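Undergrad: One file: final.cif (mmCIF, C-alpha atoms).
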data_input
loop_
_atom_site.group_PDB
_atom_site.id
_atom_site.type_symbol
_atom_site.label_atom_id
_atom_site.label_comp_id
_atom_site.auth_asym_id
_atom_site.auth_seq_id
_atom_site.Cartn_x
_atom_site.Cartn_y
_atom_site.Cartn_z
ATOM 1 C CA VAL A 8 -121.138 -58.856 2.242
ATOM 2 C CA ARG A 9 -122.126 -55.219 1.753
ATOM 3 C CA ILE A 10 -124.574 -53.132 3.723
ATOM 4 C CA PHE A 11 -126.362 -50.371 1.829
ATOM 5 C CA ASP A 12 -128.370 -47.322 2.684
ATOM 6 C CA ASP A 13 -130.886 -45.962 0.193
ATOM 7 C CA SER A 14 -128.257 -45.227 -2.444
ATOM 8 C CA SER A 15 -124.838 -46.747 -1.732
ATOM 9 C CA ALA A 16 -122.865 -49.226 0.336
ATOM 10 C CA VAL A 17 -121.914 -48.014 3.833
ATOM 11 C CA ALA A 18 -120.181 -51.115 5.185
ATOM 12 C CA ILE A 19 -118.487 -54.240 3.900
ATOM 13 C CA PHE A 20 -117.509 -57.597 5.344
ATOM 14 C CA THR A 21 -114.705 -59.125 3.281
ATOM 15 C CA GLY A 22 -112.934 -62.159 4.601
ATOM 16 C CA SER A 23 -111.831 -61.271 8.158
ATOM 17 C CA MET A 24 -111.935 -57.530 7.531
ATOM 18 C CA VAL A 25 -114.687 -55.014 8.158
ATOM 19 C CA GLY A 26 -114.935 -51.603 6.564
ATOM 20 C CA ILE A 27 -117.356 -48.905 7.663
ATOM 21 C CA GLY A 28 -117.326 -46.070 5.173
ATOM 22 C CA ASP A 29 -114.374 -47.820 3.500
ATOM 23 C CA MET A 30 -115.096 -50.461 0.874
ATOM 24 C CA SER A 31 -111.472 -51.681 0.715
ATOM 25 C CA PRO A 32 -110.425 -52.155 4.334
ATOM 26 C CA SER A 33 -106.740 -52.975 4.840
ATOM 27 C CA PHE A 34 -107.148 -53.795 8.512
ATOM 28 C CA GLU A 35 -109.550 -55.961 10.510
ATOM 29 C CA LEU A 36 -111.675 -52.877 11.214
ATOM 30 C CA VAL A 37 -111.559 -49.591 9.333
ATOM 31 C CA VAL A 38 -113.890 -46.685 10.064
ATOM 32 C CA SER A 39 -113.811 -43.904 7.490
ATOM 33 C CA SER A 40 -115.871 -40.792 6.959
ATOM 34 C CA SER A 41 -115.722 -37.634 4.875
ATOM 35 C CA ALA A 42 -116.340 -35.798 8.151
ATOM 36 C CA ALA A 43 -114.981 -36.727 11.601
ATOM 37 C CA ALA A 44 -114.773 -40.504 11.981
ATOM 38 C CA GLU A 45 -116.101 -41.387 15.422
ATOM 39 C CA VAL A 46 -116.543 -44.663 17.292
ATOM 40 C CA ALA A 47 -118.564 -44.813 20.516
ATOM 41 C CA ILE A 48 -118.269 -47.415 23.285
ATOM 42 C CA SER A 49 -121.277 -47.004 25.533
ATOM 43 C CA SER A 50 -122.378 -48.824 28.667
ATOM 44 C CA LYS A 51 -124.992 -48.235 31.332
ATOM 45 C CA GLY A 52 -123.624 -47.923 34.842
ATOM 46 C CA GLN A 53 -120.462 -49.871 33.992
ATOM 47 C CA ASP A 54 -116.943 -49.193 32.711
ATOM 48 C CA SER A 55 -116.634 -48.637 28.951
ATOM 49 C CA VAL A 56 -113.616 -50.662 27.822
ATOM 50 C CA LEU A 57 -111.602 -51.507 24.713
ATOM 51 C CA TYR A 58 -109.635 -54.738 25.204
ATOM 52 C CA PHE A 59 -106.446 -55.883 23.474
ATOM 53 C CA MET A 60 -105.970 -59.642 23.120
ATOM 54 C CA ASN A 61 -103.220 -62.009 21.992
ATOM 55 C CA ASP A 62 -104.070 -65.679 21.502
ATOM 56 C CA ALA A 63 -107.218 -65.163 23.562
ATOM 57 C CA ALA A 64 -105.196 -63.659 26.441
ATOM 58 C CA GLN A 65 -105.758 -60.071 27.531
ATOM 59 C CA VAL A 66 -102.607 -57.978 27.076
ATOM 60 C CA GLY A 67 -104.065 -54.569 27.833
ATOM 61 C CA LYS A 68 -107.128 -52.376 27.925
ATOM 62 C CA ILE A 69 -108.161 -48.749 27.597
ATOM 63 C CA GLY A 70 -111.380 -47.563 29.088
ATOM 64 C CA TYR A 71 -113.382 -45.135 31.142
ATOM 65 C CA ASP A 72 -113.126 -46.057 34.816
ATOM 66 C CA LEU A 73 -116.562 -45.108 36.094
ATOM 67 C CA SER A 74 -115.764 -45.441 39.791
ATOM 68 C CA HIS A 75 -112.749 -43.113 39.557
ATOM 69 C CA ARG A 76 -114.125 -40.885 36.784
ATOM 70 C CA GLY A 77 -111.231 -41.012 34.362
ATOM 71 C CA LEU A 78 -109.636 -42.649 31.363
ATOM 72 C CA SER A 79 -107.383 -45.543 32.359
ATOM 73 C CA PHE A 80 -104.654 -47.403 30.462
ATOM 74 C CA VAL A 81 -103.416 -50.720 31.844
ATOM 75 C CA ALA A 82 -101.196 -53.506 30.540
ATOM 76 C CA ASP A 83 -101.723 -57.252 30.714
ATOM 77 C CA ASP A 84 -104.850 -58.265 32.625
ATOM 78 C CA GLN A 85 -104.509 -55.674 35.387
ATOM 79 C CA ALA A 86 -107.568 -53.994 36.862
ATOM 80 C CA PHE A 87 -108.159 -50.286 36.358
ATOM 81 C CA ALA A 88 -107.396 -49.814 40.069
ATOM 82 C CA SER A 89 -103.713 -50.600 39.363
ATOM 83 C CA GLY A 90 -103.484 -47.055 37.995
ATOM 84 C CA GLU A 91 -100.685 -47.653 35.493
ATOM 85 C CA PHE A 92 -101.669 -44.529 33.517
ATOM 86 C CA PHE A 93 -104.736 -42.497 34.358
ATOM 87 C CA ILE A 94 -106.276 -39.245 33.098
ATOM 88 C CA SER A 95 -108.875 -37.856 35.465
ATOM 89 C CA SER A 96 -112.001 -36.015 34.427
ATOM 90 C CA SER A 97 -110.362 -32.816 35.771
ATOM 91 C CA GLY A 98 -107.413 -33.224 33.401
ATOM 92 C CA LYS A 99 -104.854 -34.485 35.927
ATOM 93 C CA ILE A 100 -102.516 -37.311 34.911
ATOM 94 C CA GLY A 101 -101.552 -40.123 37.259
ATOM 95 C CA VAL A 102 -98.744 -42.620 36.662
ATOM 96 C CA GLY A 103 -98.967 -45.418 39.182
ATOM 97 C CA THR A 104 -101.987 -43.785 40.834
ATOM 98 C CA ILE A 105 -105.685 -43.361 40.020
ATOM 99 C CA GLN A 106 -106.025 -40.370 42.349
ATOM 100 C CA PRO A 107 -103.703 -37.678 40.941
ATOM 101 C CA VAL A 108 -103.718 -34.485 43.006
ATOM 102 C CA ARG A 109 -101.440 -32.496 40.682
ATOM 103 C CA THR A 110 -101.350 -31.941 36.926
ATOM 104 C CA LEU A 111 -98.814 -34.810 36.831
ATOM 105 C CA HIS A 112 -98.697 -37.173 39.799
ATOM 106 C CA ILE A 113 -96.137 -40.012 39.902
ATOM 107 C CA GLY A 114 -97.111 -42.789 42.301
ATOM 108 C CA GLY A 115 -96.195 -46.436 42.470
ATOM 109 C CA PRO A 116 -93.112 -47.913 44.144
ATOM 110 C CA GLY A 117 -90.209 -45.838 45.366
ATOM 111 C CA GLY A 118 -86.467 -46.318 45.123
ATOM 112 C CA SER A 119 -84.836 -47.624 41.963
ATOM 113 C CA GLN A 120 -88.149 -49.167 40.814
ATOM 114 C CA GLY A 121 -90.053 -45.865 40.786
ATOM 115 C CA GLY A 122 -89.622 -42.174 40.151
ATOM 116 C CA ILE A 123 -88.623 -40.422 36.929
ATOM 117 C CA ILE A 124 -85.535 -40.786 34.751
ATOM 118 C CA ILE A 125 -84.457 -38.250 32.122
ATOM 119 C CA SER A 126 -81.889 -39.876 29.843
ATOM 120 C CA PRO A 127 -81.333 -38.184 26.471
ATOM 121 C CA SER A 128 -79.310 -40.029 23.826
ATOM 122 C CA SER A 129 -76.987 -37.008 23.685
ATOM 123 C CA GLY A 130 -76.714 -33.537 25.184
ATOM 124 C CA ASP A 131 -77.754 -32.183 28.576
ATOM 125 C CA ALA A 132 -80.539 -33.702 30.675
ATOM 126 C CA GLU A 133 -82.771 -30.810 31.685
ATOM 127 C CA ILE A 134 -86.016 -29.845 33.376
ATOM 128 C CA GLN A 135 -87.449 -26.412 32.602
ATOM 129 C CA PHE A 136 -89.883 -24.445 34.755
ATOM 130 C CA GLN A 137 -91.780 -21.388 33.553
ATOM 131 C CA ASP A 138 -94.188 -19.153 35.429
ATOM 132 C CA SER A 139 -97.193 -17.412 33.909
ATOM 133 C CA GLY A 140 -94.926 -14.627 32.682
ATOM 134 C CA THR A 141 -91.517 -14.971 31.056
ATOM 135 C CA THR A 142 -89.373 -16.237 33.955
ATOM 136 C CA ASN A 143 -87.573 -19.495 33.184
ATOM 137 C CA ALA A 144 -85.732 -21.747 35.608
ATOM 138 C CA TYR A 145 -83.776 -24.895 34.817
ATOM 139 C CA ILE A 146 -82.263 -27.906 36.537
ATOM 140 C CA THR A 147 -79.612 -29.195 34.158
ATOM 141 C CA LEU A 148 -77.229 -32.142 34.280
ATOM 142 C CA ASP A 149 -74.499 -30.993 31.908
ATOM 143 C CA ASP A 150 -73.515 -33.714 29.477
ATOM 144 C CA GLY A 151 -70.182 -35.338 30.353
ATOM 145 C CA THR A 152 -69.236 -32.966 33.208
ATOM 146 C CA GLN A 153 -71.000 -34.457 36.270
ATOM 147 C CA ASP A 154 -72.294 -30.923 36.991
ATOM 148 C CA LEU A 155 -75.892 -30.437 38.151
ATOM 149 C CA ASN A 156 -76.764 -26.757 37.715
ATOM 150 C CA PHE A 157 -79.681 -24.718 39.034
ATOM 151 C CA ARG A 158 -80.005 -21.666 36.814
ATOM 152 C CA ASP A 159 -82.189 -19.169 35.035
ATOM 153 C CA ASP A 160 -81.694 -17.640 31.589
ATOM 154 C CA THR A 161 -78.795 -15.463 32.731
ATOM 155 C CA ALA A 162 -76.904 -17.074 35.604
ATOM 156 C CA THR A 163 -76.141 -20.325 37.429
ATOM 157 C CA VAL A 164 -77.279 -19.902 41.028
ATOM 158 C CA MET A 165 -76.024 -23.234 42.353
ATOM 159 C CA SER A 166 -73.793 -25.930 40.910
ATOM 160 C CA VAL A 167 -73.230 -29.426 42.319
ATOM 161 C CA ASN A 168 -70.268 -31.376 40.967
ATOM 162 C CA PHE A 169 -70.665 -35.083 41.674
ATOM 163 C CA GLY A 170 -67.120 -35.869 40.557
ATOM 164 C CA SER A 171 -65.377 -33.587 43.060
ATOM 165 C CA GLU A 172 -68.314 -33.665 45.534
ATOM 166 C CA ARG A 173 -68.344 -29.866 45.747
ATOM 167 C CA VAL A 174 -71.147 -27.309 45.804
ATOM 168 C CA GLY A 175 -70.887 -23.822 44.398
ATOM 169 C CA ILE A 176 -73.236 -20.952 45.233
ATOM 170 C CA MET A 177 -73.101 -18.325 42.475
ATOM 171 C CA SER A 178 -70.151 -20.276 41.104
ATOM 172 C CA SER A 179 -70.086 -23.057 38.519
ATOM 173 C CA ALA A 180 -66.497 -24.061 39.420
ATOM 174 C CA PRO A 181 -66.358 -24.598 43.216
ATOM 175 C CA THR A 182 -62.866 -25.163 44.618
ATOM 176 C CA ASP A 183 -64.042 -26.205 48.097
ATOM 177 C CA VAL A 184 -66.697 -28.568 49.451
ATOM 178 C CA LEU A 185 -68.887 -25.454 49.766
ATOM 179 C CA TYR A 186 -67.812 -22.431 47.772
ATOM 180 C CA VAL A 187 -69.798 -19.196 47.973
ATOM 181 C CA SER A 188 -69.056 -16.380 45.547
ATOM 182 C CA GLN A 189 -69.999 -13.119 47.242
ATOM 183 C CA SER A 190 -72.498 -10.742 45.687
ATOM 184 C CA THR A 191 -71.714 -7.074 45.132
ATOM 185 C CA THR A 192 -73.166 -6.214 48.549
ATOM 186 C CA ALA A 193 -70.293 -5.485 50.931
ATOM 187 C CA PHE A 194 -69.751 -7.815 53.896
ATOM 188 C CA ARG A 195 -72.517 -10.184 52.805
ATOM 189 C CA GLY A 196 -71.962 -13.776 51.804
ATOM 190 C CA ILE A 197 -73.731 -16.302 54.008
ATOM 191 C CA THR A 198 -76.621 -15.525 56.365
ATOM 192 C CA ILE A 199 -77.630 -17.892 59.172
ATOM 193 C CA GLU A 200 -80.902 -16.773 60.742
ATOM 194 C CA GLY A 201 -82.792 -18.171 63.710
ATOM 195 C CA PRO A 202 -83.464 -17.711 67.434
ATOM 196 C CA THR A 203 -79.883 -18.856 68.268
ATOM 197 C CA PRO A 204 -78.025 -19.039 64.943
ATOM 198 C CA ALA A 205 -74.640 -20.750 64.999
ATOM 199 C CA LEU A 206 -71.901 -22.284 62.914
ATOM 200 C CA TYR A 207 -70.823 -25.733 64.145
ATOM 201 C CA LEU A 208 -67.232 -26.782 63.423
ATOM 202 C CA THR A 209 -66.232 -30.403 63.946
ATOM 203 C CA ASP A 210 -62.877 -31.850 62.969
ATOM 204 C CA THR A 211 -63.157 -35.564 62.187
ATOM 205 C CA GLY A 212 -59.724 -36.140 63.746
ATOM 206 C CA ALA A 213 -60.357 -34.183 66.955
ATOM 207 C CA THR A 214 -62.175 -35.055 70.174
ATOM 208 C CA ASN A 215 -63.830 -31.642 70.593
ATOM 209 C CA ALA A 216 -66.081 -29.557 68.388
ATOM 210 C CA HIS A 217 -66.824 -25.828 68.515
ATOM 211 C CA HIS A 218 -69.680 -23.422 67.908
ATOM 212 C CA ILE A 219 -69.620 -19.785 66.895
ATOM 213 C CA GLY A 220 -73.098 -18.525 67.703
ATOM 214 C CA SER A 221 -75.238 -15.524 68.497
ATOM 215 C CA ASN A 222 -77.923 -15.057 71.128
ATOM 216 C CA GLY A 223 -79.410 -11.887 72.593
ATOM 217 C CA ASN A 224 -76.792 -9.567 70.989
ATOM 218 C CA TYR A 225 -73.965 -11.718 72.349
ATOM 219 C CA LEU A 226 -71.452 -13.453 70.093
ATOM 220 C CA TYR A 227 -70.363 -16.722 71.721
ATOM 221 C CA PHE A 228 -67.424 -19.065 71.224
ATOM 222 C CA LEU A 229 -68.537 -22.440 72.588
ATOM 223 C CA GLU A 230 -66.913 -25.842 73.085
ATOM 224 C CA ASP A 231 -68.561 -29.250 72.683
ATOM 225 C CA THR A 232 -66.275 -31.760 74.363
ATOM 226 C CA ASP A 233 -68.661 -34.664 73.643
ATOM 227 C CA LYS A 234 -69.177 -33.848 69.922
ATOM 228 C CA ASN A 235 -72.894 -34.485 70.322
ATOM 229 C CA GLY A 236 -74.076 -31.237 68.725
ATOM 230 C CA THR A 237 -74.621 -29.272 71.944
ATOM 231 C CA TYR A 238 -72.067 -27.352 74.027
ATOM 232 C CA ASN A 239 -70.747 -27.670 77.583
ATOM 233 C CA ASN A 240 -68.213 -24.854 77.809
ATOM 234 C CA ILE A 241 -68.478 -21.134 77.050
ATOM 235 C CA MET A 242 -64.926 -20.306 76.045
ATOM 236 C CA GLY A 243 -65.583 -16.596 75.523
ATOM 237 C CA TYR A 244 -68.002 -14.025 74.200
ATOM 238 C CA PHE A 245 -68.545 -10.465 73.047
ATOM 239 C CA ASP A 246 -71.242 -8.676 75.030
ATOM 240 C CA PRO A 247 -73.632 -6.029 73.591
ATOM 241 C CA SER A 248 -71.080 -3.294 74.460
ATOM 242 C CA ASN A 249 -68.404 -5.112 72.392
ATOM 243 C CA ASN A 250 -66.466 -6.119 75.505
ATOM 244 C CA PHE A 251 -64.761 -9.469 75.133
ATOM 245 C CA VAL A 252 -64.869 -11.910 78.057
ATOM 246 C CA PHE A 253 -62.424 -14.826 77.960
ATOM 247 C CA ASN A 254 -63.700 -17.559 80.281
ATOM 248 C CA ASP A 255 -61.362 -20.466 79.767
ATOM 249 C CA GLY A 256 -57.587 -20.860 79.431
ATOM 250 C CA SER A 257 -54.862 -18.251 79.019
ATOM 251 C CA VAL A 258 -54.047 -15.625 76.412
ATOM 252 C CA GLY A 259 -50.675 -15.297 74.770
ATOM 253 C CA ILE A 260 -49.630 -12.375 72.566
ATOM 254 C CA GLY A 261 -46.516 -13.139 70.559
ATOM 255 C CA THR A 262 -46.021 -16.420 72.408
ATOM 256 C CA GLY A 263 -47.471 -19.878 72.679
ATOM 257 C CA THR A 264 -46.319 -20.345 76.272
ATOM 258 C CA PHE A 265 -48.734 -19.147 78.954
ATOM 259 C CA PRO A 266 -47.254 -19.022 82.474
ATOM 260 C CA GLN A 267 -49.937 -16.462 83.387
ATOM 261 C CA ALA A 268 -53.498 -15.760 82.377
ATOM 262 C CA LEU A 269 -52.108 -13.075 80.047
ATOM 263 C CA THR A 270 -48.584 -13.387 78.673
ATOM 264 C CA VAL A 271 -47.095 -10.815 76.299
ATOM 265 C CA GLU A 272 -43.828 -11.420 74.457
ATOM 266 C CA GLY A 273 -42.571 -7.913 73.708
ATOM 267 C CA GLY A 274 -43.414 -4.398 74.772
ATOM 268 C CA ILE A 275 -46.818 -2.960 75.612
ATOM 269 C CA SER A 276 -47.967 0.440 74.441
ATOM 270 C CA ALA A 277 -50.913 2.022 76.232
ATOM 271 C CA SER A 278 -52.590 5.398 76.191
ATOM 272 C CA GLY A 279 -54.201 4.822 79.594
ATOM 273 C CA CYS A 280 -53.593 2.983 82.823
ATOM 274 C CA ILE A 281 -52.384 -0.603 82.958
#
Let me see the structure of the file written as structure tokens.
TA:
Amino acid sequence: VRIFDDSSAVAIFTGSMVGIGDMSPSFELVVSSSAAAEVAISSKGQDSVLYFMNDAAQVGKIGYDLSHRGLSFVADDQAFASGEFFISSSGKIGVGTIQPVRTLHIGGPGGSQGGIIISPSSGDAEIQFQDSGTTNAYITLDDGTQDLNFRDDTATVMSVNFGSERVGIMSSAPTDVLYVSQSTTAFRGITIEGPTPALYLTDTGATNAHHIGSNGNYLYFLEDTDKNGTYNNIMGYFDPSNNFVFNDGSVGIGTGTFPQALTVEGGISASGCI
């Protein structure tokens, strides 16, 4: 069956195949044009949908979701609201969500059933970030090394080795659990900033823990006998005039035996009164 305009055939029905602008269709429906070939699916006040069927069962659909104002792709007989893959009218893409709030928004379940996996067949697994200029930043899992590196085009800023369970700052080969390679600035390595900044030291085999902290121009040495994160003993401190006050225990110089509060093994040299 052929359909003609005033001069030539424009469509053909041959067996189970239909050709529009193609008189020898090789598929069930072929639309051909010497210009742009366009097919319109139009509805009034309803979703516009293209269905995919297998033995009369719906296996997927693509359509314009009118209520959420976007193009939706779903598998099986799911509703558009399942949000398997969605492109909003503002150009945002949602996977597992029909309300993407970023350019790419991953929704759906969490844990091992959700999220993103980057798994190349060979080579490093990498995510690249680029600002509006020429700055590049990368998160790279180096192939075969168990190293996760945070870097730019010139240097690795942080490296996490999952094999040795070590972290390197400005070092890609950490030799300790946390290894910081100092910058060229003298006496600068790690900065802890806050209203009462402190370093908390807890030995897994000991009953006590200790803080080294700063507050109000004082440098404190504190003891936590309960190992609950706080402190209950001020062992000593430097005051704002750099005087050191030792609150607890005795001091030994050249000896580990303390019969007095201050015990010195050897001579004492002084330029003033003792």
Undergrad: When you count all atoms listed in the file, which of these residues is closest to Ile176 in chain A: A:Phe157, A:Asn143, A:Ala205, A:Ala193?
TA: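 Ranked by minimum distance to Ile176 in chain A, first place goes to A:Phe157.
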Undergrad: What residues come out when you apply the PyMOL selection byres ((chain A and resi 255-267) around 12) to this file, written as a PDB file with C-alpha atoms, keeping the file's coordinate frame?
TA:
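Output saved as out34.pdb:
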ATOM      1  CA  PHE A 228     -67.424 -19.065  71.224  1.00  0.00           C
ATOM      2  CA  LEU A 229     -68.537 -22.440  72.588  1.00  0.00           C
ATOM      3  CA  GLU A 230     -66.913 -25.842  73.085  1.00  0.00           C
ATOM      4  CA  ASN A 240     -68.213 -24.854  77.809  1.00  0.00           C
ATOM      5  CA  ILE A 241     -68.478 -21.134  77.050  1.00  0.00           C
ATOM      6  CA  MET A 242     -64.926 -20.306  76.045  1.00  0.00           C
ATOM      7  CA  GLY A 243     -65.583 -16.596  75.523  1.00  0.00           C
ATOM      8  CA  TYR A 244     -68.002 -14.025  74.200  1.00  0.00           C
ATOM      9  CA  VAL A 252     -64.869 -11.910  78.057  1.00  0.00           C
ATOM     10  CA  PHE A 253     -62.424 -14.826  77.960  1.00  0.00           C
ATOM     11  CA  ASN A 254     -63.700 -17.559  80.281  1.00  0.00           C
ATOM     12  CA  ALA A 268     -53.498 -15.760  82.377  1.00  0.00           C
ATOM     13  CA  LEU A 269     -52.108 -13.075  80.047  1.00  0.00           C
ATOM     14  CA  THR A 270     -48.584 -13.387  78.673  1.00  0.00           C
ATOM     15  CA  VAL A 271     -47.095 -10.815  76.299  1.00  0.00           C
ATOM     16  CA  GLU A 272     -43.828 -11.420  74.457  1.00  0.00           C
ATOM     17  CA  GLY A 273     -42.571  -7.913  73.708  1.00  0.00           C
ATOM     18  CA  GLY A 274     -43.414  -4.398  74.772  1.00  0.00           C
ATOM     19  CA  ILE A 275     -46.818  -2.960  75.612  1.00  0.00           C
TER      20      ILE A 275
END
Undergrad: Expanded to explicit residues, what is the PyMOL selection byres ((chain A and resi 41-48) around 12) for this file, as a PyMOL selection string?
TA: chain A and resi 27-29+36-40+49-51+53-58+69-71
Undergrad: What's the separation between CA of Ser190 in chain A and CA of Gly220 in chain A, in Å to one decimal place?
TA: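 Pair CA of Ser190 in chain A / CA of Gly220 in chain A returns 23.4 Å.
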Undergrad: Show which residues sit within 9 Å of Ala18 in chain A, as a PyMOL selection string. Count all atoms listed in the file, and ignore same-chain residues fewer than 2 positions away.
TA: chain A and resi 8-11+16+20+25-30
Undergrad: For Ile19 in chain A, which residue out of A:Asp150, A:Glu133, A:Asp231, A:Glu35 is the nearest one, using only C-alpha atoms?
TA: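 Of A:Asp150, A:Glu133, A:Asp231, A:Glu35, the one nearest Ile19 in chain A is A:Glu35, counting only C-alpha atoms.
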Undergrad: How many Å separate CA of Asn168 in chain A from CA of Tyr145 in chain A?
TA: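 Interatomic distance here is 16.2 Å.
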Undergrad: The PyMOL selection byres ((chain A and resi 108-111) around 12) - which residues does that actually catch in the file I just gave you? List them as a ChimeraX atom specification.
TA: /A:92-107,112-114,123
Undergrad: Within 12 Å of (-77.4, -29.1, 68.4) (file coordinates; all atoms listed in the file), which protein or nucleic acid residues are there? I'd like them as a CSV table (one decimal) with C-alpha atoms, keeping the file's coordinate frame.
TA:
chain,number,residue,atom,x,y,z
A,203,THR,CA,-79.9,-18.9,68.3
A,204,PRO,CA,-78.0,-19.0,64.9
A,205,ALA,CA,-74.6,-20.8,65.0
A,206,LEU,CA,-71.9,-22.3,62.9
A,207,TYR,CA,-70.8,-25.7,64.1
A,208,LEU,CA,-67.2,-26.8,63.4
A,216,ALA,CA,-66.1,-29.6,68.4
A,217,HIS,CA,-66.8,-25.8,68.5
A,218,HIS,CA,-69.7,-23.4,67.9
A,220,GLY,CA,-73.1,-18.5,67.7
A,229,LEU,CA,-68.5,-22.4,72.6
A,230,GLU,CA,-66.9,-25.8,73.1
A,231,ASP,CA,-68.6,-29.2,72.7
A,233,ASP,CA,-68.7,-34.7,73.6
A,234,LYS,CA,-69.2,-33.8,69.9
A,235,ASN,CA,-72.9,-34.5,70.3
A,236,GLY,CA,-74.1,-31.2,68.7
A,237,THR,CA,-74.6,-29.3,71.9
A,238,TYR,CA,-72.1,-27.4,74.0
A,239,ASN,CA,-70.7,-27.7,77.6
Undergrad: Can you pull out every residue within 10 Å of Gln85 in chain A, counting only C-alpha atoms, but drop anything in the same chain fewer than 5 positions away, and send it as a PyMOL selection string?
TA: chain A and resi 65-68+80+90-91
Undergrad: Give me, as an NGL selection string, all polymer residues having an atom no more than 9 Å from Pro247 in chain A, counting only C-alpha atoms and skipping those fewer than 6 positions away in the same chain.
TA: :A and (223-226)
Undergrad: What is the CA of Ser171 in chain A to CA of Leu185 in chain A distance in Å?
TA: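 If I compute the distance from CA of Ser171 in chain A to CA of Leu185 in chain A, I get 11.1 Å.
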Undergrad: So, counting only C-alpha atoms, which residue among A:Ser89, A:Thr191, A:Thr209, A:Asn215 is closest to Pro116 in chain A?
TA: A:Ser89
Undergrad: Please determine an axis-aligned box that encloses all atoms of range 98-109 of chain A listed in the file, with 3 Å added on each side, and express its centre and edge lengths in Å to one decimal as lines of an AutoDock Vina configuration file.
TA:
center_x = -103.1
center_y = -39.0
center_z = 38.2
size_x = 14.7
size_y = 18.9
size_z = 15.6
Undergrad: Save range 224-236 of chain A to a file: N, CA, C and O atoms, as a PDB file, in the first residue's frame.
TA:
ATOM      1  N   ASN A 224      46.264  32.191  76.116  1.00  0.00           N
ATOM      2  CA  ASN A 224      47.725  32.379  76.131  1.00  0.00           C
ATOM      3  C   ASN A 224      48.439  31.466  77.120  1.00  0.00           C
ATOM      4  O   ASN A 224      49.607  31.695  77.449  1.00  0.00           O
ATOM      5  N   TYR A 225      47.761  30.461  77.615  1.00  0.00           N
ATOM      6  CA  TYR A 225      48.375  29.439  78.457  1.00  0.00           C
ATOM      7  C   TYR A 225      48.538  28.166  77.622  1.00  0.00           C
ATOM      8  O   TYR A 225      47.661  27.821  76.824  1.00  0.00           O
ATOM      9  N   LEU A 226      49.641  27.463  77.840  1.00  0.00           N
ATOM     10  CA  LEU A 226      49.841  26.157  77.237  1.00  0.00           C
ATOM     11  C   LEU A 226      49.744  25.116  78.344  1.00  0.00           C
ATOM     12  O   LEU A 226      50.550  25.122  79.286  1.00  0.00           O
ATOM     13  N   TYR A 227      48.730  24.234  78.245  1.00  0.00           N
ATOM     14  CA  TYR A 227      48.422  23.304  79.328  1.00  0.00           C
ATOM     15  C   TYR A 227      48.850  21.872  78.977  1.00  0.00           C
ATOM     16  O   TYR A 227      48.796  21.447  77.817  1.00  0.00           O
ATOM     17  N   PHE A 228      49.235  21.146  80.027  1.00  0.00           N
ATOM     18  CA  PHE A 228      49.469  19.713  79.946  1.00  0.00           C
ATOM     19  C   PHE A 228      48.454  19.070  80.893  1.00  0.00           C
ATOM     20  O   PHE A 228      48.544  19.233  82.121  1.00  0.00           O
ATOM     21  N   LEU A 229      47.486  18.353  80.322  1.00  0.00           N
ATOM     22  CA  LEU A 229      46.327  17.892  81.088  1.00  0.00           C
ATOM     23  C   LEU A 229      46.277  16.370  81.103  1.00  0.00           C
ATOM     24  O   LEU A 229      46.731  15.696  80.170  1.00  0.00           O
ATOM     25  N   GLU A 230      45.653  15.822  82.157  1.00  0.00           N
ATOM     26  CA  GLU A 230      45.505  14.379  82.290  1.00  0.00           C
ATOM     27  C   GLU A 230      44.025  14.011  82.319  1.00  0.00           C
ATOM     28  O   GLU A 230      43.214  14.697  82.955  1.00  0.00           O
ATOM     29  N   ASP A 231      43.689  12.940  81.616  1.00  0.00           N
ATOM     30  CA  ASP A 231      42.326  12.402  81.594  1.00  0.00           C
ATOM     31  C   ASP A 231      42.397  10.987  82.147  1.00  0.00           C
ATOM     32  O   ASP A 231      42.708  10.037  81.434  1.00  0.00           O
ATOM     33  N   THR A 232      42.137  10.850  83.431  1.00  0.00           N
ATOM     34  CA  THR A 232      42.272   9.537  84.070  1.00  0.00           C
ATOM     35  C   THR A 232      41.123   8.599  83.742  1.00  0.00           C
ATOM     36  O   THR A 232      41.209   7.394  84.010  1.00  0.00           O
ATOM     37  N   ASP A 233      40.036   9.123  83.166  1.00  0.00           N
ATOM     38  CA  ASP A 233      38.882   8.291  82.805  1.00  0.00           C
ATOM     39  C   ASP A 233      38.866   7.931  81.315  1.00  0.00           C
ATOM     40  O   ASP A 233      38.034   7.129  80.888  1.00  0.00           O
ATOM     41  N   LYS A 234      39.744   8.567  80.524  1.00  0.00           N
ATOM     42  CA  LYS A 234      39.798   8.355  79.072  1.00  0.00           C
ATOM     43  C   LYS A 234      38.426   8.558  78.423  1.00  0.00           C
ATOM     44  O   LYS A 234      37.988   7.780  77.578  1.00  0.00           O
ATOM     45  N   ASN A 235      37.744   9.636  78.876  1.00  0.00           N
ATOM     46  CA  ASN A 235      36.432   9.922  78.298  1.00  0.00           C
ATOM     47  C   ASN A 235      36.447  11.166  77.415  1.00  0.00           C
ATOM     48  O   ASN A 235      35.396  11.670  77.024  1.00  0.00           O
ATOM     49  N   GLY A 236      37.648  11.673  77.108  1.00  0.00           N
ATOM     50  CA  GLY A 236      37.759  12.815  76.208  1.00  0.00           C
ATOM     51  C   GLY A 236      37.883  14.151  76.898  1.00  0.00           C
ATOM     52  O   GLY A 236      38.221  15.148  76.248  1.00  0.00           O
TER      53      GLY A 236
END
